[in-house]
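Have a look at the structure below, then the notes.
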Amino acid sequence: MDLIPEPRQATAHADRFLELGPRTALAAGTGTERTERWLRATLGAATGLPLPPGDPGGPGVLRLSVDPRVTEDLGAEGYRLAVTPDGAHLAGGGPAGVFWGAQTLRQLLGPDAFRRAPLPGRRWRLPLTRVEDSPRFGWRGLLLDVARHFMPKDDVLRYLDLMAAHKLNVLHLHLTDDQGWRVEIRRYPKLTETGAWRARTRFGHRASPLWEPKPHGGFYPQDDIREIVAYAAERHITVVPEIDVPGHSQAAIAAYPELGNTDVVDTAALSVWDDWGISPNVLAPTDDTVRFYEGVFEELLDLFPSRFVHVGGDECLKDQWRRSPAAQARIRELGLAGEDGLQAWFIGHFDAWLSTRGRRLIGWDEILQGGLAEGAAVSSWRGYAGGVAAARAGHDVVMCPEQYVYLDHRQAPGEDEPVPIGYVRTLEDVYRFEPVPPQLTEEEARHVLGTQASVWTEVMEDRGRVDYQTFPRLAAFAEVAWSRLPPPGQRDLAGFERRMAVHYRRLDALGVAYRPPAGPRPWQRRPGVPGRPVEGAPPNR
Ligand code: ACM
């Protein structure tokens with residue numbers, strides 16, 4: 001049946017089918033309304049079938065239900081799908097399980113079910129089959145860096161559809177960085193009036209002599225954010241917002257110079273950064289800065305219902321704090337252990353602030369420096385070590401090690417890879433990625449909430465470049481996150497590649513500009529645009 005991600009159990013009758021037609025009814029039980037809407041809108045568009053409401057006992061009906069027995073056996077995200085000559089029954093452990101089952105149903109109908117209008121003369125039939133399925137992890141994430149290159153709202157919505165098709169359920173939106181601020185904050189309009197735009201952009205990685213001399217930017221008005229969040233929720237996807245503090249903050253400082261270390265830099269002269277790397281311009285550790293960001297987070301909590309809120313915390317260069325008399329006085333006043341203590345104070349403040357508002361802080365693994373409060377969770381990006389340390393200290397973790405699942409890294413050796421960054425991380429490498437660090441005990445491993453792939457966009461200037469870096473590797477990642485695969489060395493790569501042959505046709509129907517197995521198409525290359533390839537294999541876990 002060529003399903004991706006591979007279900008837990010599936011059996012099919014070869015050559016026996018349930019035919020769908022204009023009279024095929026959809027009988028949706030309580031709790032399945034979102035899937036009902038999605039099936040009519042999405043599958044309806046692809047097949048031209050109206051899927052009218054019908055009687056659950058009627059002939060040939062597609063029946064959706066939430067079933068407590070499925071909840072018990074497979075959890076809220078699990079589902080059972082039975083296609084018989086009399087009809088199809090999709091039972092979820094909860095509303096989300098029904099939705100993931102509907103994604104399986106779409107794959108069973110063939111690649112043309114991924115189009116937006118029906119091709120003439122197509123027959124729509126489901127193989128007689130039984131599928132029983134549930135995810136390995138509850139956090140199956142994708143990070144989109146909409147700060148380095150802005151991703152217009154429509155492209156974000158499209159990625160939510162692509163995530164849903166791969167049963168991924170967390171969109172981590174990296175909304176702020178040195179190079180741009182992307183979310184409207186009504187009480188601080190300059191964050192987007194000034195902070196969302198840069199005058200020019202380096203084309204290629206840091207060493208590139210090339211510049212794109214046109215202004216770049218954009219931001220999401222609050223109603224666009226609400227639309228993104230609602231569109232995600234219809235697809236059982238949670239959007240986790242990230243506002244990066246106290247580093248990666250030059251765009252905010254360019255908008256409000258008082259947020260920076262004014263005693264050591266002329267922050268009024270700063271603009272949104274037009275280069276790549278880590279800016280030394282970090283937030284000043286003052287009460288005013290903290291109050292300002294509380295105002296930002298207040299509006300953010302109103303926009304994003306997600307339990308987890310990401311505060312960044314990564315790569316905060318400490319040089320300005322070392323030189324700043326005000327920062328040094330702050331360290332003494334608060335009795336902190338140097339500049340690292342200041343960073344921990346910053347993060348600790350928002351940890352407590354979010355907790356009292358019923359939310360949980362999550363941050364990059366640098367937030368472990370200085371100790372973490374009870375409910376905080378960690379995104380382990382610098383390899384496995386942060387995740388291991390956090391889980392051993394009793395913190396929840398999301399595994400997103402850069403050496404394995406940073407999709408900005410190049411996916412093949414050779415001159416043809418566009419703007420090559422980092423290690424070679426092939427489709428096979430991602431397929432063999434194991435999210436749970438082997439050194440954890442079973443008890444500690446329970447803190448691994450799941451895993452996340454990251455799409456950092458310094459060298460991805462448009463949707464085509466994002467597609468190229470993200471696919472096909474996101475399909476392998478989805479299987480790692482959803483399916484219960486054997487240990488990395490025993491995974492059936494040949495079987496996965498066989499299923500991928502069909503999956504490429506689904507991606508074609510969806511209009512995804514993936515990297516073809518034989519290498520980039522001519523227009524996918526970027527000859528002469530320097531990247532920053534790293535040679536050799538990534539360091540061991
Ligand atoms: C990161 O890549 N700095 C989280």
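In the structure tokens, chains take the letters A, B, ... in the order shown, each chain's residues start at 1, and ligands count up from 1 in the order shown.
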
Per residue of chain A within 10 Å of ligand 1, record the nearest atom pair and its distance in Å to one decimal, counting only C-alpha atoms and all ligand atoms, with rows in chain order and ascending residue number, as JSON lines.
```
{"residue": "A:His174", "atom": "CA", "partner": "ligand 1", "partner_atom_place_in_ligand_line": "4 (C)", "distance": 9.7}
{"residue": "A:Asp244", "atom": "CA", "partner": "ligand 1", "partner_atom_place_in_ligand_line": "4 (C)", "distance": 9.7}
{"residue": "A:Gly247", "atom": "CA", "partner": "ligand 1", "partner_atom_place_in_ligand_line": "3 (N)", "distance": 10.0}
{"residue": "A:His248", "atom": "CA", "partner": "ligand 1", "partner_atom_place_in_ligand_line": "3 (N)", "distance": 8.9}
{"residue": "A:Gly277", "atom": "CA", "partner": "ligand 1", "partner_atom_place_in_ligand_line": "3 (N)", "distance": 9.8}
{"residue": "A:Ile278", "atom": "CA", "partner": "ligand 1", "partner_atom_place_in_ligand_line": "3 (N)", "distance": 8.8}
{"residue": "A:Gly312", "atom": "CA", "partner": "ligand 1", "partner_atom_place_in_ligand_line": "4 (C)", "distance": 7.3}
{"residue": "A:Gly313", "atom": "CA", "partner": "ligand 1", "partner_atom_place_in_ligand_line": "4 (C)", "distance": 8.4}
{"residue": "A:Asp314", "atom": "CA", "partner": "ligand 1", "partner_atom_place_in_ligand_line": "3 (N)", "distance": 5.3}
{"residue": "A:Glu315", "atom": "CA", "partner": "ligand 1", "partner_atom_place_in_ligand_line": "3 (N)", "distance": 6.0}
{"residue": "A:Cys316", "atom": "CA", "partner": "ligand 1", "partner_atom_place_in_ligand_line": "3 (N)", "distance": 9.3}
{"residue": "A:Gly363", "atom": "CA", "partner": "ligand 1", "partner_atom_place_in_ligand_line": "4 (C)", "distance": 8.8}
{"residue": "A:Trp364", "atom": "CA", "partner": "ligand 1", "partner_atom_place_in_ligand_line": "4 (C)", "distance": 5.8}
{"residue": "A:Asp365", "atom": "CA", "partner": "ligand 1", "partner_atom_place_in_ligand_line": "4 (C)", "distance": 8.2}
{"residue": "A:Glu366", "atom": "CA", "partner": "ligand 1", "partner_atom_place_in_ligand_line": "4 (C)", "distance": 9.0}
{"residue": "A:Ser379", "atom": "CA", "partner": "ligand 1", "partner_atom_place_in_ligand_line": "4 (C)", "distance": 8.1}
{"residue": "A:Ser380", "atom": "CA", "partner": "ligand 1", "partner_atom_place_in_ligand_line": "4 (C)", "distance": 8.4}
{"residue": "A:Trp381", "atom": "CA", "partner": "ligand 1", "partner_atom_place_in_ligand_line": "4 (C)", "distance": 6.0}
{"residue": "A:Arg382", "atom": "CA", "partner": "ligand 1", "partner_atom_place_in_ligand_line": "2 (O)", "distance": 7.7}
{"residue": "A:Cys400", "atom": "CA", "partner": "ligand 1", "partner_atom_place_in_ligand_line": "4 (C)", "distance": 9.0}
{"residue": "A:Pro401", "atom": "CA", "partner": "ligand 1", "partner_atom_place_in_ligand_line": "2 (O)", "distance": 9.0}
{"residue": "A:Glu402", "atom": "CA", "partner": "ligand 1", "partner_atom_place_in_ligand_line": "2 (O)", "distance": 7.1}
{"residue": "A:Tyr406", "atom": "CA", "partner": "ligand 1", "partner_atom_place_in_ligand_line": "2 (O)", "distance": 8.2}
{"residue": "A:Ser454", "atom": "CA", "partner": "ligand 1", "partner_atom_place_in_ligand_line": "2 (O)", "distance": 8.3}
{"residue": "A:Val455", "atom": "CA", "partner": "ligand 1", "partner_atom_place_in_ligand_line": "2 (O)", "distance": 9.7}
{"residue": "A:Trp456", "atom": "CA", "partner": "ligand 1", "partner_atom_place_in_ligand_line": "2 (O)", "distance": 7.8}
```

Would you please give, as a compact mmCIF listing (two decimals) with N, CA, C and O atoms, in the first residue's frame, all residues of stretch 64-289 of chain A that DSSP assigns to alpha helix (DSSP H) based on the backbone?
```
# COMPACT_ATOMS: atom_id res chain seq x y z
N PRO A 68 -13.91 4.72 22.23
CA PRO A 68 -13.13 4.56 23.47
C PRO A 68 -12.26 3.29 23.47
O PRO A 68 -11.21 3.27 24.11
N ARG A 69 -12.68 2.26 22.72
CA ARG A 69 -11.83 1.07 22.66
C ARG A 69 -10.53 1.35 21.93
O ARG A 69 -9.47 0.83 22.26
N VAL A 70 -10.62 2.21 20.93
CA VAL A 70 -9.39 2.59 20.21
C VAL A 70 -8.52 3.45 21.12
O VAL A 70 -7.30 3.32 21.15
N THR A 71 -9.17 4.34 21.88
CA THR A 71 -8.41 5.17 22.83
C THR A 71 -7.62 4.27 23.77
O THR A 71 -6.43 4.50 24.02
N GLU A 72 -8.31 3.26 24.27
CA GLU A 72 -7.68 2.36 25.23
C GLU A 72 -6.50 1.60 24.60
O GLU A 72 -5.43 1.50 25.19
N ASP A 73 -6.71 1.10 23.40
CA ASP A 73 -5.66 0.28 22.76
C ASP A 73 -4.56 1.11 22.13
O ASP A 73 -3.39 0.70 22.13
N LEU A 74 -4.91 2.26 21.56
CA LEU A 74 -3.94 2.95 20.69
C LEU A 74 -3.73 4.42 21.06
O LEU A 74 -2.91 5.10 20.44
N PRO A 95 -10.33 12.78 18.33
CA PRO A 95 -10.48 13.50 17.07
C PRO A 95 -9.19 13.51 16.23
O PRO A 95 -9.26 13.39 15.00
N ALA A 96 -8.04 13.63 16.88
CA ALA A 96 -6.78 13.65 16.12
C ALA A 96 -6.54 12.31 15.44
O ALA A 96 -6.11 12.25 14.28
N GLY A 97 -6.84 11.21 16.15
CA GLY A 97 -6.66 9.89 15.55
C GLY A 97 -7.48 9.73 14.28
O GLY A 97 -7.02 9.15 13.29
N VAL A 98 -8.71 10.25 14.32
CA VAL A 98 -9.56 10.18 13.12
C VAL A 98 -8.89 10.93 11.97
O VAL A 98 -8.86 10.47 10.82
N PHE A 99 -8.33 12.09 12.31
CA PHE A 99 -7.70 12.91 11.26
C PHE A 99 -6.48 12.20 10.66
O PHE A 99 -6.30 12.17 9.44
N TRP A 100 -5.65 11.59 11.52
CA TRP A 100 -4.47 10.89 10.97
C TRP A 100 -4.92 9.69 10.12
O TRP A 100 -4.31 9.38 9.10
N GLY A 101 -6.00 9.06 10.54
CA GLY A 101 -6.54 7.96 9.74
C GLY A 101 -7.01 8.45 8.37
O GLY A 101 -6.85 7.75 7.36
N ALA A 102 -7.56 9.68 8.34
CA ALA A 102 -8.01 10.23 7.05
C ALA A 102 -6.81 10.49 6.13
O ALA A 102 -6.93 10.40 4.91
N GLN A 103 -5.66 10.80 6.72
CA GLN A 103 -4.44 10.97 5.90
C GLN A 103 -4.05 9.65 5.25
O GLN A 103 -3.61 9.60 4.10
N THR A 104 -4.21 8.55 6.01
CA THR A 104 -3.94 7.23 5.46
C THR A 104 -4.92 6.92 4.32
O THR A 104 -4.52 6.44 3.25
N LEU A 105 -6.18 7.23 4.58
CA LEU A 105 -7.22 7.01 3.56
C LEU A 105 -6.87 7.72 2.25
O LEU A 105 -7.01 7.16 1.15
N ARG A 106 -6.40 8.94 2.36
CA ARG A 106 -6.04 9.70 1.15
C ARG A 106 -4.90 9.00 0.40
O ARG A 106 -4.93 8.90 -0.83
N GLN A 107 -3.90 8.53 1.15
CA GLN A 107 -2.79 7.84 0.48
C GLN A 107 -3.29 6.58 -0.22
O GLN A 107 -2.82 6.24 -1.31
N LEU A 108 -4.27 5.90 0.39
CA LEU A 108 -4.79 4.67 -0.21
C LEU A 108 -5.50 4.93 -1.55
O LEU A 108 -5.63 4.04 -2.38
N LYS A 153 2.29 34.23 4.39
CA LYS A 153 1.26 33.44 5.08
C LYS A 153 0.80 32.23 4.27
O LYS A 153 0.66 31.13 4.80
N ASP A 154 0.55 32.43 2.99
CA ASP A 154 0.07 31.31 2.16
C ASP A 154 1.05 30.14 2.17
O ASP A 154 0.64 28.98 2.11
N ASP A 155 2.34 30.46 2.20
CA ASP A 155 3.34 29.38 2.21
C ASP A 155 3.33 28.65 3.55
O ASP A 155 3.58 27.45 3.61
N VAL A 156 3.06 29.38 4.63
CA VAL A 156 2.96 28.73 5.94
C VAL A 156 1.75 27.78 5.95
O VAL A 156 1.84 26.64 6.40
N LEU A 157 0.63 28.25 5.42
CA LEU A 157 -0.57 27.40 5.36
C LEU A 157 -0.28 26.16 4.51
O LEU A 157 -0.70 25.04 4.85
N ARG A 158 0.42 26.34 3.42
CA ARG A 158 0.79 25.20 2.58
C ARG A 158 1.66 24.21 3.36
O ARG A 158 1.47 22.99 3.27
N TYR A 159 2.58 24.72 4.16
CA TYR A 159 3.41 23.80 4.94
C TYR A 159 2.57 23.06 5.99
O TYR A 159 2.86 21.91 6.31
N LEU A 160 1.55 23.71 6.51
CA LEU A 160 0.66 23.00 7.44
C LEU A 160 -0.02 21.84 6.73
O LEU A 160 -0.17 20.75 7.29
N ASP A 161 -0.42 22.05 5.49
CA ASP A 161 -1.01 20.94 4.72
C ASP A 161 0.02 19.84 4.49
O ASP A 161 -0.31 18.64 4.58
N LEU A 162 1.24 20.23 4.17
CA LEU A 162 2.29 19.21 3.93
C LEU A 162 2.60 18.46 5.22
O LEU A 162 2.83 17.24 5.20
N MET A 163 2.60 19.17 6.33
CA MET A 163 2.83 18.49 7.62
C MET A 163 1.71 17.49 7.89
O MET A 163 1.96 16.35 8.28
N ALA A 164 0.47 17.93 7.69
CA ALA A 164 -0.68 17.04 7.95
C ALA A 164 -0.57 15.77 7.11
O ALA A 164 -0.81 14.66 7.60
N ALA A 165 -0.16 15.92 5.85
CA ALA A 165 -0.05 14.76 4.97
C ALA A 165 0.99 13.78 5.47
O ALA A 165 0.99 12.61 5.09
N LYS A 190 6.86 49.53 16.36
CA LYS A 190 8.13 49.61 15.61
C LYS A 190 8.81 48.25 15.44
O LYS A 190 9.68 48.09 14.59
N LEU A 191 8.39 47.26 16.26
CA LEU A 191 8.98 45.92 16.07
C LEU A 191 8.78 45.46 14.64
O LEU A 191 9.65 44.77 14.08
N THR A 192 7.63 45.81 14.06
CA THR A 192 7.41 45.40 12.67
C THR A 192 7.60 46.57 11.69
O THR A 192 8.05 46.35 10.57
N GLU A 193 7.30 47.81 12.12
CA GLU A 193 7.53 48.94 11.20
C GLU A 193 9.01 49.03 10.83
O GLU A 193 9.37 49.24 9.69
N GLN A 222 -1.68 40.31 13.36
CA GLN A 222 -2.22 39.38 14.35
C GLN A 222 -3.34 38.51 13.79
O GLN A 222 -3.46 37.34 14.14
N ASP A 223 -4.15 39.06 12.89
CA ASP A 223 -5.23 38.23 12.32
C ASP A 223 -4.67 37.13 11.42
O ASP A 223 -5.27 36.06 11.31
N ASP A 224 -3.53 37.38 10.78
CA ASP A 224 -2.89 36.31 9.99
C ASP A 224 -2.39 35.20 10.92
O ASP A 224 -2.49 34.01 10.61
N ILE A 225 -1.85 35.60 12.07
CA ILE A 225 -1.41 34.59 13.05
C ILE A 225 -2.62 33.78 13.51
O ILE A 225 -2.56 32.54 13.58
N ARG A 226 -3.72 34.47 13.81
CA ARG A 226 -4.92 33.73 14.26
C ARG A 226 -5.38 32.76 13.18
O ARG A 226 -5.82 31.65 13.47
N GLU A 227 -5.29 33.19 11.94
CA GLU A 227 -5.69 32.31 10.84
C GLU A 227 -4.75 31.09 10.75
O GLU A 227 -5.22 29.95 10.59
N ILE A 228 -3.46 31.32 10.88
CA ILE A 228 -2.48 30.22 10.83
C ILE A 228 -2.77 29.23 11.97
O ILE A 228 -2.80 28.01 11.77
N VAL A 229 -3.00 29.76 13.17
CA VAL A 229 -3.24 28.91 14.34
C VAL A 229 -4.53 28.10 14.15
O VAL A 229 -4.58 26.90 14.46
N ALA A 230 -5.56 28.75 13.60
CA ALA A 230 -6.84 28.06 13.40
C ALA A 230 -6.72 27.00 12.31
O ALA A 230 -7.27 25.90 12.41
N TYR A 231 -6.00 27.34 11.25
CA TYR A 231 -5.80 26.41 10.14
C TYR A 231 -5.03 25.18 10.63
O TYR A 231 -5.34 24.05 10.27
N ALA A 232 -4.05 25.45 11.49
CA ALA A 232 -3.30 24.34 12.09
C ALA A 232 -4.21 23.49 12.97
O ALA A 232 -4.19 22.26 12.89
N ALA A 233 -5.01 24.15 13.80
CA ALA A 233 -5.88 23.41 14.73
C ALA A 233 -6.86 22.52 13.97
O ALA A 233 -7.16 21.40 14.40
N GLU A 234 -7.37 22.99 12.83
CA GLU A 234 -8.25 22.16 12.00
C GLU A 234 -7.54 20.87 11.60
O GLU A 234 -8.18 19.87 11.30
N GLN A 250 18.90 41.48 17.39
CA GLN A 250 19.26 42.77 16.80
C GLN A 250 18.08 43.46 16.13
O GLN A 250 17.98 44.70 16.16
N ALA A 251 17.16 42.70 15.54
CA ALA A 251 16.01 43.36 14.88
C ALA A 251 15.17 44.13 15.91
O ALA A 251 14.72 45.25 15.65
N ALA A 252 14.99 43.54 17.10
CA ALA A 252 14.23 44.22 18.15
C ALA A 252 14.97 45.47 18.62
O ALA A 252 14.35 46.53 18.87
N ILE A 253 16.29 45.35 18.75
CA ILE A 253 17.08 46.49 19.24
C ILE A 253 17.10 47.61 18.19
O ILE A 253 17.07 48.79 18.53
N ALA A 254 17.12 47.21 16.91
CA ALA A 254 17.07 48.23 15.85
C ALA A 254 15.76 49.03 15.95
O ALA A 254 15.72 50.22 15.66
N ALA A 255 14.68 48.36 16.37
CA ALA A 255 13.38 49.02 16.49
C ALA A 255 13.30 49.85 17.77
O ALA A 255 12.76 50.95 17.77
N ASP A 287 15.49 45.65 34.12
CA ASP A 287 14.06 45.42 34.41
C ASP A 287 13.19 45.96 33.28
O ASP A 287 12.15 45.37 32.97
N ASP A 288 13.62 47.08 32.67
CA ASP A 288 12.82 47.63 31.57
C ASP A 288 12.74 46.66 30.39
O ASP A 288 11.69 46.53 29.76
N THR A 289 13.86 46.02 30.09
CA THR A 289 13.85 45.04 28.99
C THR A 289 12.90 43.90 29.32
O THR A 289 12.10 43.46 28.47
```

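What separates atom CA of A:Thr35 from atom CA of A:Lys167 is a distance of 13.4 Å.
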
Non-local contacts of A:Pro517 (10 Å; only C-alpha atoms; under 4 positions in same chain excluded) as JSON, numbers by chain: {"A": [412, 427, 472, 501, 504]}

Resulting file, chosen residues, C-alpha atoms, as a PDB file, in the first residue's frame:
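That gives us again_33.pdb:
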```
ATOM      1  CA  ALA A 412      24.494  15.092  -1.016  1.00  0.00           C
ATOM      2  CA  LEU A 427      17.724  10.754   2.870  1.00  0.00           C
ATOM      3  CA  PRO A 472      12.199  14.286   0.450  1.00  0.00           C
ATOM      4  CA  ALA A 501       8.762   5.784  -5.378  1.00  0.00           C
ATOM      5  CA  TYR A 504       7.328  11.122  -4.981  1.00  0.00           C
TER       6      TYR A 504
END
```

One number please: atom CA of A:Pro280 to atom CA of A:Asp263, in Å, one decimal. 14.2 Å

May I have the residues within 10 Å of A:Glu461 as a list of chain:residue names, using only C-alpha atoms and disregarding those fewer than 2 positions away in the same chain? A:Arg148, A:His149, A:Phe150, A:Met151, A:Thr201, A:Phe203, A:Gly204, A:His216, A:Thr457, A:Glu458, A:Val459, A:Arg463, A:Gly464, A:Arg465, A:Val466
